[in-house]
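File shown: target_33.tsv (TSV, C-alpha atoms).
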chain	number	residue	atom	x	y	z
A	1	MET	CA	-76.43	97.84	65.34
A	2	ASN	CA	-72.80	97.71	66.42
A	3	ASN	CA	-73.30	100.87	68.46
A	4	ILE	CA	-76.24	99.30	70.31
A	5	LYS	CA	-74.12	96.23	71.17
A	6	LEU	CA	-71.33	98.46	72.45
A	7	ILE	CA	-73.77	100.39	74.64
A	8	ARG	CA	-75.26	97.16	76.05
A	9	THR	CA	-71.80	95.75	76.75
A	10	ALA	CA	-70.67	98.94	78.50
A	11	PHE	CA	-73.88	99.01	80.60
A	12	ALA	CA	-73.38	95.38	81.66
A	13	MET	CA	-69.82	96.11	82.75
A	14	VAL	CA	-70.95	99.11	84.82
A	15	VAL	CA	-73.62	96.98	86.56
A	16	LEU	CA	-71.04	94.26	87.27
A	17	ILE	CA	-68.59	96.77	88.76
A	18	MET	CA	-71.31	98.31	90.93
A	19	ALA	CA	-72.40	94.89	92.14
A	20	ASN	CA	-68.86	93.96	93.11
A	21	ALA	CA	-68.46	97.29	94.87
A	22	CYS	CA	-71.53	96.61	97.00
A	23	PHE	CA	-69.92	93.47	98.42
A	24	THR	CA	-66.31	94.55	98.59
A	25	GLY	CA	-66.72	96.77	101.65
A	26	VAL	CA	-68.31	94.04	103.76
A	27	GLU	CA	-66.08	91.23	102.65
A	28	SER	CA	-62.85	93.17	103.23
A	29	THR	CA	-63.74	94.25	106.78
A	30	PRO	CA	-61.43	92.25	109.10
A	31	LYS	CA	-63.18	90.11	111.65
A	32	ILE	CA	-62.32	90.94	115.23
A	33	ASN	CA	-62.52	88.05	117.62
A	34	ALA	CA	-61.64	87.43	121.24
A	35	GLU	CA	-58.30	85.84	120.36
A	36	LYS	CA	-57.14	88.93	118.46
A	37	ILE	CA	-58.20	91.20	121.30
A	38	LYS	CA	-56.30	88.96	123.71
A	39	ASP	CA	-53.18	89.11	121.55
A	40	ASN	CA	-53.23	92.92	121.60
A	41	LYS	CA	-53.07	93.11	125.39
A	42	THR	CA	-49.86	94.37	126.90
A	43	ALA	CA	-47.79	91.48	128.21
A	44	ILE	CA	-47.36	91.27	131.98
A	45	THR	CA	-43.71	91.55	132.98
A	46	GLU	CA	-41.96	89.25	135.41
A	47	GLU	CA	-41.65	92.14	137.87
A	48	GLN	CA	-45.38	92.94	137.67
A	49	SER	CA	-46.39	89.36	138.42
A	50	PHE	CA	-43.73	88.69	141.06
A	51	LEU	CA	-45.72	89.82	144.13
A	52	ALA	CA	-49.17	89.39	142.56
A	53	ASP	CA	-50.23	86.80	145.15
A	54	VAL	CA	-48.94	88.85	148.10
A	55	ILE	CA	-52.08	90.71	149.14
A	56	PRO	CA	-53.91	91.36	152.43
A	57	GLN	CA	-56.02	88.46	153.68
A	58	LYS	CA	-59.76	88.44	153.20
A	59	PRO	CA	-61.54	89.25	156.50
A	60	SER	CA	-63.04	85.76	156.61
A	61	LEU	CA	-59.49	84.35	156.88
A	62	TRP	CA	-58.42	86.52	159.84
A	63	LYS	CA	-57.40	84.52	162.90
A	64	LYS	CA	-57.50	85.63	166.50
A	65	GLY	CA	-54.23	87.36	167.37
A	66	LYS	CA	-53.61	88.84	163.89
A	67	LYS	CA	-51.39	91.90	164.46
A	68	PHE	CA	-51.64	95.51	163.29
A	69	LEU	CA	-49.08	98.23	164.03
A	70	VAL	CA	-50.60	101.66	164.68
A	71	ASP	CA	-48.95	104.30	162.49
A	72	ASP	CA	-50.87	107.43	163.49
A	73	ASN	CA	-52.65	108.65	166.62
A	74	ARG	CA	-55.57	109.79	164.47
A	75	ILE	CA	-56.72	106.18	164.67
A	76	GLU	CA	-58.50	107.08	167.91
A	77	ARG	CA	-61.20	108.73	165.79
A	78	ILE	CA	-62.39	105.38	164.41
A	79	PHE	CA	-62.58	103.53	167.71
A	80	GLU	CA	-65.07	103.24	170.50
A	81	SER	CA	-62.79	102.50	173.44
A	82	VAL	CA	-63.74	100.00	176.08
A	83	GLN	CA	-61.73	99.19	179.22
A	84	GLY	CA	-59.05	101.74	178.41
A	85	GLU	CA	-58.39	104.95	176.52
A	86	ALA	CA	-57.79	104.98	172.78
A	87	SER	CA	-55.36	107.91	172.76
A	88	ASP	CA	-51.57	107.77	172.25
A	89	LEU	CA	-51.65	104.52	170.29
A	90	LYS	CA	-48.91	105.28	167.74
A	91	GLY	CA	-46.32	102.48	167.75
A	92	MET	CA	-48.63	100.09	169.60
A	93	VAL	CA	-49.48	96.61	168.27
A	94	LEU	CA	-53.19	95.78	168.22
A	95	LYS	CA	-54.37	92.17	168.10
A	96	PHE	CA	-57.53	91.09	166.34
A	97	ASP	CA	-60.08	89.36	168.60
A	98	CYS	CA	-63.26	88.80	166.62
A	99	PHE	CA	-66.04	90.08	164.37
A	100	LYS	CA	-69.55	90.34	165.75
A	101	ALA	CA	-72.90	91.80	164.73
A	102	VAL	CA	-74.10	94.83	166.72
A	103	PRO	CA	-77.11	97.15	166.25
A	104	SER	CA	-76.44	100.49	164.54
A	105	LEU	CA	-78.19	103.81	165.23
A	106	THR	CA	-80.81	102.88	162.64
A	107	GLY	CA	-81.49	99.54	164.30
A	108	ASP	CA	-79.87	97.44	161.59
A	109	ASP	CA	-77.08	95.03	162.48
A	110	VAL	CA	-73.56	95.98	161.35
A	111	ALA	CA	-70.17	94.32	161.73
A	112	GLU	CA	-67.90	95.34	164.59
A	113	ILE	CA	-64.23	94.40	164.97
A	114	SER	CA	-62.70	93.99	168.42
A	115	PHE	CA	-58.99	94.53	169.04
A	116	SER	CA	-56.99	94.05	172.21
A	117	LYS	CA	-54.18	96.42	173.18
A	118	ASN	CA	-50.82	95.03	174.21
A	119	ASN	CA	-51.08	96.91	177.53
A	120	GLY	CA	-54.64	95.79	178.25
A	121	GLY	CA	-58.02	97.14	177.16
A	122	THR	CA	-60.29	96.61	174.19
A	123	LEU	CA	-60.93	98.75	171.14
A	124	ARG	CA	-63.89	98.39	168.82
A	125	TYR	CA	-64.22	99.53	165.21
A	126	ARG	CA	-67.65	99.49	163.53
A	127	LEU	CA	-68.01	98.99	159.80
A	128	PRO	CA	-70.93	100.22	157.65
A	129	ILE	CA	-71.59	96.66	156.43
A	130	THR	CA	-73.06	93.47	157.79
A	131	ILE	CA	-71.24	90.34	158.94
A	132	GLU	CA	-72.42	88.55	155.81
A	133	GLN	CA	-70.91	91.23	153.58
A	134	LEU	CA	-67.43	90.70	155.06
A	135	ASP	CA	-66.97	87.66	152.82
A	136	THR	CA	-67.46	89.83	149.73
A	137	ILE	CA	-64.54	92.15	150.62
A	138	LYS	CA	-61.20	91.21	149.05
A	139	GLU	CA	-59.16	93.53	151.26
A	140	LEU	CA	-60.22	95.18	154.51
A	141	GLU	CA	-57.88	97.99	155.51
A	142	ILE	CA	-57.80	99.23	159.09
A	143	PRO	CA	-57.08	102.97	158.84
A	144	PHE	CA	-53.75	104.27	160.18
A	145	THR	CA	-52.29	100.78	160.67
A	146	VAL	CA	-49.79	98.42	159.05
A	147	ASP	CA	-50.78	94.77	158.59
A	148	LEU	CA	-47.82	92.94	160.15
A	149	ASP	CA	-48.81	89.60	158.61
A	150	LEU	CA	-48.58	91.20	155.17
A	151	VAL	CA	-45.15	92.67	155.96
A	152	ALA	CA	-43.92	89.26	157.16
A	153	HIS	CA	-45.15	87.65	153.94
A	154	ILE	CA	-43.33	90.21	151.79
A	155	ASP	CA	-40.17	89.71	153.86
A	156	SER	CA	-40.27	85.95	153.34
A	157	VAL	CA	-40.42	86.46	149.56
A	158	LEU	CA	-37.89	89.29	149.14
A	159	ARG	CA	-35.23	88.68	151.79
A	160	GLY	CA	-31.88	87.80	150.17
A	161	LYS	CA	-32.98	88.62	146.62
A	162	SER	CA	-30.53	90.33	144.25
A	163	VAL	CA	-32.29	92.93	142.11
A	164	TYR	CA	-31.60	96.19	140.30
A	165	ILE	CA	-33.05	99.31	141.88
A	166	LYS	CA	-34.69	101.88	139.61
A	167	THR	CA	-35.08	104.84	141.94
A	168	PRO	CA	-32.41	106.98	143.64
A	169	ASN	CA	-34.94	108.23	146.20
A	170	TRP	CA	-33.88	106.22	149.23
A	171	TYR	CA	-34.33	106.85	152.92
A	172	SER	CA	-32.52	105.85	156.07
A	173	LEU	CA	-34.21	103.42	158.45
A	174	ASP	CA	-32.11	104.84	161.28
A	175	SER	CA	-32.87	108.53	160.85
A	176	HIS	CA	-36.10	108.15	158.83
A	177	LYS	CA	-34.81	110.87	156.53
A	178	ALA	CA	-34.59	110.94	152.74
A	179	ILE	CA	-31.16	110.24	151.25
A	180	GLN	CA	-29.83	110.48	147.70
A	181	GLY	CA	-28.93	107.04	146.40
A	182	LEU	CA	-28.01	105.46	143.08
A	183	ARG	CA	-30.22	104.00	140.36
A	184	HIS	CA	-29.91	101.07	137.92
A	185	ILE	CA	-27.43	99.19	140.14
A	186	LYS	CA	-27.60	95.77	141.77
A	187	VAL	CA	-28.65	95.64	145.41
A	188	ILE	CA	-29.21	92.81	147.86
A	189	ILE	CA	-32.44	92.95	149.89
A	190	ASP	CA	-31.60	92.50	153.56
A	191	SER	CA	-35.08	92.60	155.11
A	192	VAL	CA	-38.59	94.01	154.88
A	193	VAL	CA	-39.91	95.88	157.91
A	194	PRO	CA	-43.12	97.82	158.63
A	195	GLY	CA	-43.40	101.08	156.67
A	196	SER	CA	-46.45	103.31	156.97
A	197	SER	CA	-50.22	102.99	156.64
A	198	ILE	CA	-49.92	104.27	153.04
A	199	TYR	CA	-46.78	102.33	152.09
A	200	PRO	CA	-46.92	99.24	154.32
A	201	ALA	CA	-43.47	97.74	153.65
A	202	ALA	CA	-40.00	99.28	153.96
A	203	VAL	CA	-37.53	97.28	151.86
A	204	ALA	CA	-33.99	97.57	153.29
A	205	PHE	CA	-31.02	96.75	151.04
A	206	THR	CA	-27.27	97.11	150.56
A	207	ILE	CA	-25.42	97.78	147.32
A	208	ASP	CA	-23.78	94.72	145.77
A	209	PRO	CA	-20.01	95.11	146.45
A	210	ASN	CA	-19.24	94.37	142.80
A	211	GLU	CA	-21.10	97.53	141.81
A	212	LEU	CA	-18.94	99.73	144.04
A	213	ALA	CA	-15.85	98.08	142.60
A	214	GLN	CA	-16.71	99.59	139.22
A	215	ASP	CA	-15.82	103.14	140.29
A	216	VAL	CA	-19.42	103.95	141.20
A	217	PHE	CA	-19.10	105.92	144.40
A	218	THR	CA	-21.88	107.02	146.73
A	219	ALA	CA	-22.20	108.46	150.21
A	220	HIS	CA	-24.63	105.68	151.11
A	221	SER	CA	-23.94	101.98	150.57
A	222	SER	CA	-27.35	100.99	151.97
A	223	GLY	CA	-30.85	102.36	152.24
A	224	ALA	CA	-34.52	101.52	152.01
A	225	VAL	CA	-37.53	102.24	149.83
A	226	LEU	CA	-41.22	102.14	150.67
A	227	LEU	CA	-43.27	99.50	148.86
A	228	THR	CA	-46.97	98.96	148.11
A	229	VAL	CA	-48.75	95.81	146.93
A	230	GLY	CA	-52.08	95.02	145.30
A	231	SER	CA	-54.08	96.91	142.67
A	232	SER	CA	-55.82	99.65	144.65
A	233	ARG	CA	-55.50	103.32	143.65
A	234	THR	CA	-52.91	103.84	146.39
A	235	SER	CA	-50.66	101.05	145.06
A	236	THR	CA	-48.31	103.44	143.27
A	237	ARG	CA	-44.98	101.98	144.43
A	238	ASN	CA	-45.36	98.32	143.60
A	239	PHE	CA	-42.34	96.06	143.05
A	240	ASP	CA	-42.14	96.65	139.28
A	241	THR	CA	-41.86	100.45	139.68
A	242	LEU	CA	-38.93	100.13	142.10
A	243	PHE	CA	-36.96	97.06	141.02
A	244	SER	CA	-35.91	95.04	137.98
A	245	PHE	CA	-34.57	91.51	137.67
A	246	LYS	CA	-32.57	92.35	134.53
A	247	SER	CA	-29.46	94.51	134.37
A	248	PRO	CA	-30.35	97.91	132.85
A	249	ARG	CA	-26.71	98.32	131.80
A	250	ALA	CA	-26.91	95.22	129.63
A	251	GLN	CA	-29.88	96.69	127.77
A	252	TYR	CA	-27.86	99.75	126.69
A	253	PRO	CA	-24.45	98.42	125.56
A	254	ARG	CA	-23.76	101.49	123.40
A	255	ILE	CA	-23.77	103.92	126.32
A	256	THR	CA	-20.21	104.80	127.29
A	257	GLU	CA	-18.91	103.94	130.75
A	258	ASP	CA	-18.43	107.62	131.57
A	259	ASN	CA	-22.03	108.46	130.69
A	260	TRP	CA	-23.31	105.43	132.60
A	261	LYS	CA	-21.56	106.60	135.77
A	262	HIS	CA	-23.47	109.88	135.45
A	263	ILE	CA	-26.73	108.03	134.87
A	264	VAL	CA	-26.51	105.91	138.03
A	265	LYS	CA	-25.88	109.10	140.03
A	266	SER	CA	-28.90	110.85	138.45
A	267	SER	CA	-26.62	113.34	136.74
A	268	VAL	CA	-26.25	114.53	133.13
A	269	ILE	CA	-23.54	116.12	130.98
A	270	SER	CA	-23.65	117.96	127.66
A	271	GLY	CA	-23.83	115.70	124.62
A	272	MET	CA	-26.02	113.03	126.21
A	273	SER	CA	-28.86	111.60	124.13
A	274	ARG	CA	-32.51	111.79	125.14
A	275	ASP	CA	-32.50	108.10	126.11
A	276	GLU	CA	-29.49	108.64	128.38
A	277	CYS	CA	-31.11	111.65	130.05
A	278	ARG	CA	-34.36	109.77	130.58
A	279	LEU	CA	-32.42	106.94	132.24
A	280	ALA	CA	-30.66	109.47	134.49
A	281	LEU	CA	-33.61	111.66	135.50
A	282	GLY	CA	-36.78	109.88	134.45
A	283	SER	CA	-39.44	111.20	132.11
A	284	PRO	CA	-40.17	114.95	132.18
A	285	SER	CA	-43.54	116.41	133.12
A	286	GLU	CA	-43.59	118.53	129.96
A	287	ILE	CA	-41.84	118.55	126.56
A	288	ILE	CA	-41.76	121.65	124.34
A	289	ARG	CA	-40.51	121.44	120.73
A	290	ILE	CA	-39.35	124.63	119.00
A	291	PRO	CA	-38.20	124.84	115.34
A	292	THR	CA	-35.00	126.88	114.95
A	293	THR	CA	-32.84	128.01	112.03
A	294	GLY	CA	-30.37	125.29	112.96
A	295	GLY	CA	-32.93	122.49	113.34
A	296	MET	CA	-35.30	121.39	116.11
A	297	GLN	CA	-34.84	122.36	119.75
A	298	GLU	CA	-36.53	120.33	122.48
A	299	ARG	CA	-37.01	121.44	126.08
A	300	TRP	CA	-37.73	119.00	128.89
A	301	ILE	CA	-39.27	120.47	132.03
A	302	TYR	CA	-39.42	118.61	135.34
A	303	SER	CA	-41.74	119.35	138.27
A	304	ASP	CA	-38.82	120.08	140.63
A	305	GLY	CA	-37.44	122.92	138.49
A	306	VAL	CA	-34.96	120.84	136.52
A	307	PHE	CA	-34.90	121.51	132.79
A	308	LEU	CA	-32.95	120.12	129.83
A	309	ILE	CA	-32.49	121.60	126.35
A	310	PHE	CA	-31.70	119.38	123.36
A	311	ASP	CA	-30.48	120.55	119.98
A	312	ASP	CA	-31.05	117.95	117.28
A	313	GLY	CA	-31.49	115.20	119.88
A	314	PHE	CA	-28.44	115.89	122.08
A	315	LEU	CA	-28.23	117.74	125.39
A	316	SER	CA	-26.83	121.25	124.98
A	317	LYS	CA	-27.96	123.09	128.16
A	318	TYR	CA	-29.44	122.05	131.46
A	319	ARG	CA	-30.22	123.03	135.04
A	320	LEU	CA	-30.28	120.40	137.78

Would you mind writing the file out in structure tokens?
Amino acid sequence: MNNIKLIRTAFAMVVLIMANACFTGVESTPKINAEKIKDNKTAITEEQSFLADVIPQKPSLWKKGKKFLVDDNRIERIFESVQGEASDLKGMVLKFDCFKAVPSLTGDDVAEISFSKNNGGTLRYRLPITIEQLDTIKELEIPFTVDLDLVAHIDSVLRGKSVYIKTPNWYSLDSHKAIQGLRHIKVIIDSVVPGSSIYPAAVAFTIDPNELAQDVFTAHSSGAVLLTVGSSRTSTRNFDTLFSFKSPRAQYPRITEDNWKHIVKSSVISGMSRDECRLALGSPSEIIRIPTTGGMQERWIYSDGVFLIFDDGFLSKYRL
């Protein structure tokens, strides 16, 4: 009799355990809601949001006389010229006249933009959309031109700002040639002028005199960088990729002054850490890790032929 009771008791316990197991999986699954998803989003930095509202005007907001600077003579391919030739337009300012509906080759009405040249004549650019569809376009780009209203807006926001520049790839506004500058130093933005049809704004700046007083020497005390705005696929050089409001030096207090001077000149020396080398040269295009008898060797390869070799986390060999 006692054996039967023991068997019944054991069976009841097994059933109870199985029943609990059936519910445990469901009850322990964490509930995912919109708030949690929102919390997991990457925070927008101050630099990313700084020029967020500086974007090209919607076509419906264009006013007569809006100006576009021609950047490339290939623009003649998009125009039907009227009262004047469309060739040799590079450097010319075109003024917007109006939008109007015109019949296409298929008989349907499409939108046409009329521009006036500053030396007389009219140029017309047909779009593959209707007048009504213009209001649905956030940004209408005129190929091979720079929107001068957009450049003026950027200038009004940036002129006089003190920021830290991230890139050493500067160029000269006078010679329009690339120059080797410094990175992670404070600069003062002097002006914003027209850039190119791809990079509409050229941000001109001078190095803060206090930076040069800290034994940071360079052949160029001023320069410019090309800037994009917006969120299109060509917006690869937005403000946050080129500038920072916070001092990079203050974020790395343990880096020695000697190493920091190399970093701002995009140079490295043996014994630097990986963080210091990344600050000096940027992230590599490829990293190869190789176990050795002495530990782990790491090779950083850059697209321009530069390579770095680290032994146990510190730079041992390199080619710049």

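If all atoms listed in the file are the atoms counted, then among A:Asp240, A:Asp97, A:Asp72, A:Glu46 the closest residue to Val146 of chain A is A:Asp72.
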
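Going from atom CA of Arg319 of chain A over to atom CA of Thr293 of chain A, you cover 23.7 Å.
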
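Minimum distance to Thr136 of chain A across A:Ala43, A:Ile255, A:Ser60, A:Asp275 (counting all atoms listed in the file) occurs at A:Ser60.
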
Atomic distance atom CA of Phe245 of chain A - atom CA of Glu286 of chain A, expressed in Å with one decimal:
29.5 Å

Between A:Ile185, A:Gly295, A:Trp170, A:Arg126, smallest distance to Ala250 of chain A by all atoms listed in the file belongs to A:Ile185

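Interatomic distance, atom CA of Asp258 of chain A to atom CA of Leu182 of chain A: 15.1 Å.
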
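With only C-alpha atoms as the atoms that count, the minimum distance from Gln48 of chain A to the choices A:Phe239, A:Trp62, A:Phe307, A:Tyr125 is reached by A:Phe239.
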
Might you pull out every residue within 9 Å of Asp149 of chain A, with only C-alpha atoms counted and same-chain residues fewer than 6 positions away left off, and present them as a PyMOL selection string?
chain A and resi 56-57+66-68

Mind dumping the selected residues with C-alpha atoms as a compact mmCIF listing (two decimals), in the coordinates of the input?
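Generated output (result-v2.txt):
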# COMPACT_ATOMS: atom_id res chain seq x y z
CA PRO A 56 -53.91 91.36 152.43
CA GLN A 57 -56.02 88.46 153.68
CA LYS A 66 -53.61 88.84 163.89
CA LYS A 67 -51.39 91.90 164.46
CA PHE A 68 -51.64 95.51 163.29
